[in-house]
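Report on the following structure.
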Amino acid sequence: MSPDSSPQHYDDEHQAKLALADAKLRQAELLLAVSRQVAALETLDEVLEALVEIASRELDAERATLFLNDPASNELYSRVAQGTFRREIRILNDTGIAGAVFQSGASEIVQDAYADTRFNSQVDEETGFKTNNIAAAPVRTVKGEIIGVVQCLNKRDGAFDAADLHLLEALTTQAAVALQSTQLVERMQARREQEQKLLSIVTDVTSELELGALLSKVMNEATGLLNADRSTLFLNDEKTDELFSRVAMGESVNEIRLPNHVGIAGAVFSSGETINIPYAYADLRFNPAFDKQTGYFTRSILCVPITNKRGKVIGVTQVLNKRGGPFNDEDERRLRAFTGQIAVALETAQLFEDVQAMKNYNEAMLQSMSNGVITIDEDGNIATCNYAGQKILRLFSEAIVGQPYAEVFGSRNPWICKKIAELDADTKGETVAVMDASFHQAEDTKSVNATFMPLLSHDGTRLGSMIMLEDISSEKRMKSTMSRYMDATLAEQLMDGGEELLGGKNTQATVLFSDVRSFTTITEQLGAQGTVAMLNEYFTLMVDCITEQGGMLDKFIGDAIMAGFGIPIAHDDDEDRAVRAGIAMIKALWGWNKTRADQGKLPIDMGLGINTDNIVSGNIGSPKRMDYTMIGDGVNLAARLESACKQYSARILISEFTHAKLKGTYRARNVDRVVVKGKTEPVGVYEILDYHNADSFPNLMDTVNYFNEGVRHYGLGNWSDAVRNFGEALKANPDDKLSATYIQRCEHLEAKPPKDWDGVWVMTSK
């Protein structure tokens, strides 16, 4: 009998088979128990917690972790309990031991964690736990899809072996169905909560009618919805082809505007396609100039079009810098859904604003009209009466509005009642005019032109009547005549004040000086009659620009213009009015030059100086001959700045005093600190560039930024740094003569360094 066939041998083999069968039975019972246990659980957190506990117990490990894959972010995530809260741990699904197992799909045993280069010991350093060995297996579904990784750490007795790994694989496979189902339920619940939140947000946002408040709400909600740093909603202005948005700046609200084809927002608006940029500075479409101006650092951008129910793109929503990484496909879907819901509200708010603006405009226009405008409803009652109408009637609004027109006009001016009755009886609804009629008041009689016209709706339905009364009395005729020779406001004050206006007062105002360049050469070419004709056209254009901004023409000095803003009536934005007038004057001049070129005439150029200061203004002269004018150092400085335009190759120069009081935002650059002729104290000078376009001044803001940086170095005496920045400005715009001037100045100063340099340049000529 061979030794292998001994009774002892058969007994040992039998025992081994029994042990193996027992182990298989125990494992089958364990897997069945696992299936039943996880099947009874409802949430993903409960399943994760149960599987981690079972894996730790069955493999006799100190702890275990189960990672699930998030396909949206390519991350493995796990959840750990911390007191009453749960914290989510996330790692990229291709890093560490867990990432390697997920990518390969093969289980691994690592007997010495610190000897494996894939192991990240930083986690141990943060938690104080020491990892010795690891058993890791992929979580594989019955279809073979890998949905996660399970890790067991530190076998309590000995080392992990193949049996442990086999059991771990069996456990994960058994629980994969429960993991998938609870994961799906959690995603559905999360999506449902997001939809509920989105619905709540949309309901709240769409209840707002005021456009500025609506834009603010939408931007705040979009920022929170996508966990972003900030967001901006741009709407298209069809009148100007610009995208605009409104942002709070201190206590005021400012409007941002840009052409609707420029930048990321312009590209999305033009194409109607979403743009998702994970790394802004790596994308050539991104313009980093805004970051340079504001100091903000843009990392990621998501920009989606806003489309109305007719399929028309009406704007874009741009969201910046998602916290935790770039924007993903889910973010795109959520933002598109959000903008789709609020598109109707945006159109409604914009329409409401347009209607409100039109209403305010009409009311303001009526109130500002010098003619009296009175409307009468279908019942014969006066519905509205503007200020001029109250003045002509010499009655307050309370005594006019709501009263029957027969009671207001009947006793003293029955001819008005007769004309209204004739208008009501006329089915054709033609306008009736009465010229130079007598209008009787309580004390005297005025001469008026009266116009009677029907008020009709868009479908021709009669709504009532309107009366327009024009006062053409001798006082008005005299004012009209005098306004041709002086400012209309002054003419009215002279009519009211008489000789009491002789004298002056100290007041703060903004003075504008303008002058035609090379005027002597022009006069030699045109002759006397041609020069006068040219000046009449030129002055007509320029004076219109000044008066449109509420400025007062002081005088013409040859080809020069002197104007004041803030006299005789001050406004809270006279500095801005003066700057806007200057910009309009240059634009009007350029438009006129195109017409002159078509006629074969030479173009005209000009310079402007603007300064704000305390001046003396008033009527200076004698009782027989007066001249309303402005005098003082503030006036002289404006004239010096106009002259300095030649030296600085500029068209509009303003003083630091005007610049400091500007309320609007302008494209300006810091030109110099200069001591003008006849002065001892330096003054800061700025150039306004808003009359330029991309053709007349390419890369304007890049040029201005480099130039301003060059001026800063120039003021510190860093000549080489200043020359480098001025050189960059010339690269952006080779025709920028001022940058070239500063390079020459810096090279001169570097060759002959001044003593006690303070950045001030002294002008030796007027």
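How things are named: the first chain in the structure tokens is A, the next is B, and so on; residues count from 1 in each chain; ligands count from 1 in the order shown.
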Pick out the residues sitting within 9 Å of Ile583 in chain A, and hand them over as a ChimeraX atom specification; count only C-alpha atoms, and ignore anything fewer than 6 positions along from it in its own chain. /A:545,652,688-691
Counting only C-alpha atoms, what is within 6 Å of range 424-433 of chain A, bar same-chain residues fewer than 3 positions away, as a PyMOL selection string?
chain A and resi 421+450-454
Could you pull out all residues of range 356-462 of chain A with a DSSP call of helix (DSSP H, G or I) and give them as a PDB file with N, CA and C atoms, in the first residue's frame?
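What ended up in part35.pdb:
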```pdb
ATOM      1  N   GLN A 356     -41.875 103.046 -19.656  1.00  0.00           N
ATOM      2  CA  GLN A 356     -41.707 104.018 -18.579  1.00  0.00           C
ATOM      3  C   GLN A 356     -40.821 105.181 -19.028  1.00  0.00           C
ATOM      4  N   ALA A 357     -39.754 104.829 -19.771  1.00  0.00           N
ATOM      5  CA  ALA A 357     -38.860 105.876 -20.274  1.00  0.00           C
ATOM      6  C   ALA A 357     -39.591 106.791 -21.243  1.00  0.00           C
ATOM      7  N   MET A 358     -40.422 106.197 -22.103  1.00  0.00           N
ATOM      8  CA  MET A 358     -41.190 107.004 -23.042  1.00  0.00           C
ATOM      9  C   MET A 358     -42.181 107.894 -22.297  1.00  0.00           C
ATOM     10  N   LYS A 359     -42.815 107.327 -21.271  1.00  0.00           N
ATOM     11  CA  LYS A 359     -43.761 108.111 -20.476  1.00  0.00           C
ATOM     12  C   LYS A 359     -43.035 109.282 -19.797  1.00  0.00           C
ATOM     13  N   ASN A 360     -41.880 108.976 -19.165  1.00  0.00           N
ATOM     14  CA  ASN A 360     -41.106 110.036 -18.506  1.00  0.00           C
ATOM     15  C   ASN A 360     -40.619 111.065 -19.508  1.00  0.00           C
ATOM     16  N   TYR A 361     -40.209 110.558 -20.693  1.00  0.00           N
ATOM     17  CA  TYR A 361     -39.731 111.469 -21.727  1.00  0.00           C
ATOM     18  C   TYR A 361     -40.841 112.404 -22.187  1.00  0.00           C
ATOM     19  N   ASN A 362     -42.010 111.814 -22.419  1.00  0.00           N
ATOM     20  CA  ASN A 362     -43.137 112.640 -22.871  1.00  0.00           C
ATOM     21  C   ASN A 362     -43.526 113.666 -21.817  1.00  0.00           C
ATOM     22  N   GLU A 363     -43.548 113.211 -20.550  1.00  0.00           N
ATOM     23  CA  GLU A 363     -43.896 114.139 -19.481  1.00  0.00           C
ATOM     24  C   GLU A 363     -42.848 115.238 -19.344  1.00  0.00           C
ATOM     25  N   ALA A 364     -41.574 114.840 -19.396  1.00  0.00           N
ATOM     26  CA  ALA A 364     -40.506 115.832 -19.287  1.00  0.00           C
ATOM     27  C   ALA A 364     -40.535 116.798 -20.464  1.00  0.00           C
ATOM     28  N   MET A 365     -40.798 116.234 -21.648  1.00  0.00           N
ATOM     29  CA  MET A 365     -40.869 117.085 -22.837  1.00  0.00           C
ATOM     30  C   MET A 365     -42.001 118.098 -22.703  1.00  0.00           C
ATOM     31  N   LEU A 366     -43.159 117.633 -22.222  1.00  0.00           N
ATOM     32  CA  LEU A 366     -44.291 118.542 -22.050  1.00  0.00           C
ATOM     33  C   LEU A 366     -43.984 119.627 -21.033  1.00  0.00           C
ATOM     34  N   GLN A 367     -43.340 119.202 -19.924  1.00  0.00           N
ATOM     35  CA  GLN A 367     -43.044 120.172 -18.877  1.00  0.00           C
ATOM     36  C   GLN A 367     -41.988 121.178 -19.310  1.00  0.00           C
ATOM     37  N   SER A 368     -41.075 120.738 -20.177  1.00  0.00           N
ATOM     38  CA  SER A 368     -39.990 121.636 -20.592  1.00  0.00           C
ATOM     39  C   SER A 368     -40.389 122.536 -21.765  1.00  0.00           C
ATOM     40  N   TYR A 387     -46.477 122.868 -17.319  1.00  0.00           N
ATOM     41  CA  TYR A 387     -46.120 124.068 -16.554  1.00  0.00           C
ATOM     42  C   TYR A 387     -46.347 125.338 -17.372  1.00  0.00           C
ATOM     43  N   ALA A 388     -45.980 125.285 -18.672  1.00  0.00           N
ATOM     44  CA  ALA A 388     -46.168 126.472 -19.513  1.00  0.00           C
ATOM     45  C   ALA A 388     -47.651 126.819 -19.639  1.00  0.00           C
ATOM     46  N   GLY A 389     -48.505 125.798 -19.716  1.00  0.00           N
ATOM     47  CA  GLY A 389     -49.945 126.050 -19.781  1.00  0.00           C
ATOM     48  C   GLY A 389     -50.455 126.696 -18.511  1.00  0.00           C
ATOM     49  N   GLN A 390     -49.965 126.204 -17.346  1.00  0.00           N
ATOM     50  CA  GLN A 390     -50.357 126.814 -16.064  1.00  0.00           C
ATOM     51  C   GLN A 390     -49.914 128.281 -16.011  1.00  0.00           C
ATOM     52  N   LYS A 391     -48.710 128.528 -16.575  1.00  0.00           N
ATOM     53  CA  LYS A 391     -48.191 129.897 -16.554  1.00  0.00           C
ATOM     54  C   LYS A 391     -49.029 130.819 -17.431  1.00  0.00           C
ATOM     55  N   ILE A 392     -49.429 130.306 -18.592  1.00  0.00           N
ATOM     56  CA  ILE A 392     -50.261 131.124 -19.486  1.00  0.00           C
ATOM     57  C   ILE A 392     -51.636 131.362 -18.868  1.00  0.00           C
ATOM     58  N   LEU A 393     -52.217 130.313 -18.254  1.00  0.00           N
ATOM     59  CA  LEU A 393     -53.533 130.448 -17.635  1.00  0.00           C
ATOM     60  C   LEU A 393     -53.475 131.180 -16.296  1.00  0.00           C
ATOM     61  N   SER A 397     -52.067 123.759 -11.128  1.00  0.00           N
ATOM     62  CA  SER A 397     -52.574 122.521 -11.722  1.00  0.00           C
ATOM     63  C   SER A 397     -53.873 122.057 -11.060  1.00  0.00           C
ATOM     64  N   GLU A 398     -53.984 122.233  -9.729  1.00  0.00           N
ATOM     65  CA  GLU A 398     -55.167 121.776  -9.001  1.00  0.00           C
ATOM     66  C   GLU A 398     -56.444 122.474  -9.476  1.00  0.00           C
ATOM     67  N   ALA A 399     -56.275 123.712  -9.958  1.00  0.00           N
ATOM     68  CA  ALA A 399     -57.443 124.467 -10.411  1.00  0.00           C
ATOM     69  C   ALA A 399     -57.778 124.205 -11.876  1.00  0.00           C
ATOM     70  N   TYR A 405     -63.539 121.868 -19.359  1.00  0.00           N
ATOM     71  CA  TYR A 405     -62.828 122.931 -20.078  1.00  0.00           C
ATOM     72  C   TYR A 405     -63.706 124.172 -20.239  1.00  0.00           C
ATOM     73  N   ALA A 406     -65.012 123.983 -20.250  1.00  0.00           N
ATOM     74  CA  ALA A 406     -65.903 125.143 -20.402  1.00  0.00           C
ATOM     75  C   ALA A 406     -65.800 126.072 -19.203  1.00  0.00           C
ATOM     76  N   GLU A 407     -65.566 125.508 -17.995  1.00  0.00           N
ATOM     77  CA  GLU A 407     -65.446 126.344 -16.799  1.00  0.00           C
ATOM     78  C   GLU A 407     -64.110 127.066 -16.766  1.00  0.00           C
ATOM     79  N   VAL A 408     -63.052 126.431 -17.302  1.00  0.00           N
ATOM     80  CA  VAL A 408     -61.724 127.045 -17.268  1.00  0.00           C
ATOM     81  C   VAL A 408     -61.610 128.158 -18.308  1.00  0.00           C
ATOM     82  N   PHE A 409     -62.169 127.932 -19.524  1.00  0.00           N
ATOM     83  CA  PHE A 409     -61.990 128.897 -20.609  1.00  0.00           C
ATOM     84  C   PHE A 409     -63.241 129.735 -20.905  1.00  0.00           C
ATOM     85  N   PRO A 414     -64.172 132.418 -24.629  1.00  0.00           N
ATOM     86  CA  PRO A 414     -65.172 131.509 -25.222  1.00  0.00           C
ATOM     87  C   PRO A 414     -64.768 130.993 -26.593  1.00  0.00           C
ATOM     88  N   TRP A 415     -63.874 131.720 -27.298  1.00  0.00           N
ATOM     89  CA  TRP A 415     -63.459 131.268 -28.627  1.00  0.00           C
ATOM     90  C   TRP A 415     -62.748 129.912 -28.566  1.00  0.00           C
ATOM     91  N   ILE A 416     -62.086 129.626 -27.411  1.00  0.00           N
ATOM     92  CA  ILE A 416     -61.428 128.322 -27.259  1.00  0.00           C
ATOM     93  C   ILE A 416     -62.476 127.221 -27.167  1.00  0.00           C
ATOM     94  N   CYS A 417     -63.529 127.465 -26.385  1.00  0.00           N
ATOM     95  CA  CYS A 417     -64.606 126.472 -26.261  1.00  0.00           C
ATOM     96  C   CYS A 417     -65.262 126.216 -27.618  1.00  0.00           C
ATOM     97  N   LYS A 418     -65.422 127.284 -28.399  1.00  0.00           N
ATOM     98  CA  LYS A 418     -66.045 127.140 -29.713  1.00  0.00           C
ATOM     99  C   LYS A 418     -65.194 126.266 -30.629  1.00  0.00           C
ATOM    100  N   LYS A 419     -63.875 126.482 -30.607  1.00  0.00           N
ATOM    101  CA  LYS A 419     -62.980 125.702 -31.465  1.00  0.00           C
ATOM    102  C   LYS A 419     -62.950 124.229 -31.042  1.00  0.00           C
ATOM    103  N   ILE A 420     -63.014 123.973 -29.725  1.00  0.00           N
ATOM    104  CA  ILE A 420     -63.036 122.584 -29.250  1.00  0.00           C
ATOM    105  C   ILE A 420     -64.309 121.886 -29.697  1.00  0.00           C
ATOM    106  N   ALA A 421     -65.434 122.615 -29.620  1.00  0.00           N
ATOM    107  CA  ALA A 421     -66.719 122.044 -30.059  1.00  0.00           C
ATOM    108  C   ALA A 421     -66.682 121.743 -31.552  1.00  0.00           C
ATOM    109  N   GLU A 422     -66.085 122.651 -32.346  1.00  0.00           N
ATOM    110  CA  GLU A 422     -65.968 122.409 -33.788  1.00  0.00           C
ATOM    111  C   GLU A 422     -65.083 121.196 -34.062  1.00  0.00           C
ATOM    112  N   LEU A 423     -64.014 121.063 -33.295  1.00  0.00           N
ATOM    113  CA  LEU A 423     -63.106 119.924 -33.468  1.00  0.00           C
ATOM    114  C   LEU A 423     -63.823 118.617 -33.143  1.00  0.00           C
ATOM    115  N   ASP A 424     -64.633 118.626 -32.072  1.00  0.00           N
ATOM    116  CA  ASP A 424     -65.369 117.416 -31.692  1.00  0.00           C
ATOM    117  C   ASP A 424     -66.397 117.037 -32.750  1.00  0.00           C
ATOM    118  N   ALA A 425     -66.974 118.033 -33.417  1.00  0.00           N
ATOM    119  CA  ALA A 425     -68.009 117.768 -34.416  1.00  0.00           C
ATOM    120  C   ALA A 425     -67.423 117.339 -35.754  1.00  0.00           C
TER     121      ALA A 425
END
```
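Restricting the calculation to only C-alpha atoms, the smallest distance between Tyr648 in chain A and any of A:Asn120, A:Ser107, A:Asn725, A:Asn670 is found for A:Asn670.
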Glu169 in chain A environment, 9 Å, only C-alpha atoms, sequence neighbours closer than 3 positions dropped, as JSON, numbers by chain
{"A": [107, 136, 137, 138, 139, 140, 150, 164, 165, 166, 172, 173, 174]}
Could those selected residues go to a file with N, CA and C atoms, as a compact mmCIF listing (two decimals), in the first residue's frame?
```txt
# COMPACT_ATOMS: atom_id res chain seq x y z
N SER A 107 -7.56 43.94 -9.22
CA SER A 107 -7.39 44.05 -7.77
C SER A 107 -5.90 44.02 -7.43
N ALA A 136 -7.06 46.37 -2.34
CA ALA A 136 -7.98 47.20 -3.12
C ALA A 136 -8.57 46.39 -4.26
N ALA A 137 -9.87 46.55 -4.47
CA ALA A 137 -10.56 45.82 -5.53
C ALA A 137 -11.54 46.74 -6.23
N PRO A 138 -11.71 46.58 -7.55
CA PRO A 138 -12.69 47.40 -8.26
C PRO A 138 -14.11 46.98 -7.93
N VAL A 139 -15.02 47.94 -7.93
CA VAL A 139 -16.44 47.64 -7.77
C VAL A 139 -16.99 47.45 -9.17
N ARG A 140 -17.35 46.20 -9.50
CA ARG A 140 -17.71 45.85 -10.86
C ARG A 140 -19.16 45.38 -10.89
N VAL A 150 -12.99 49.69 -3.74
CA VAL A 150 -13.05 49.51 -2.30
C VAL A 150 -11.64 49.22 -1.80
N ASP A 164 -8.38 37.02 0.82
CA ASP A 164 -8.98 38.31 1.21
C ASP A 164 -9.42 39.08 -0.04
N LEU A 165 -8.55 39.09 -1.04
CA LEU A 165 -8.86 39.83 -2.26
C LEU A 165 -10.07 39.24 -2.97
N HIS A 166 -10.13 37.88 -2.98
CA HIS A 166 -11.26 37.21 -3.61
C HIS A 166 -12.57 37.54 -2.89
N THR A 172 -17.99 43.29 -3.28
CA THR A 172 -18.31 44.47 -4.10
C THR A 172 -19.24 44.12 -5.25
N THR A 173 -19.03 42.95 -5.86
CA THR A 173 -19.91 42.52 -6.95
C THR A 173 -21.34 42.31 -6.44
N GLN A 174 -21.44 41.72 -5.23
CA GLN A 174 -22.75 41.45 -4.65
C GLN A 174 -23.50 42.75 -4.36
```
re CA of Thr274 in chain A and CA of Val316 in chain A: distance 9.3 Å
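Checking A:Lys446, A:Lys309, A:His659, A:Arg577 one by one against Gln341 in chain A, counting only C-alpha atoms, you find the shortest gap at A:Lys309.
Neighbouring residues of range 459-464 of chain A at 6 Å or closer, counting only C-alpha atoms and skipping chain neighbours under 4 positions away, are Ile376, Asp377, Glu378 and Leu455 of chain A.
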task = Give me the residues within 8 Å of Ala650 in chain A as a list in words, counting only C-alpha atoms and dropping any in the same chain fewer than 2 places off.
result = Gly607, Cys645, Lys646, Gln647, Tyr648, Ile652, Leu653, Glu687 and Leu738 of chain A
In terms of only C-alpha atoms, the residue from A:Pro326, A:Glu125, A:Ile306, A:Ala163 at minimal distance from Ala72 in chain A is A:Pro326
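Distances here use only C-alpha atoms; by that measure, the residue among A:Cys746, A:Ile472, A:Ile610, A:Met763 closest to Glu681 in chain A is A:Met763.
If you count only C-alpha atoms and ignore residues fewer than 5 places along the chain from Leu284 in chain A, what sits within 12 Å of it is Gly263, Ile264, Ile277 and Tyr279 of chain A.
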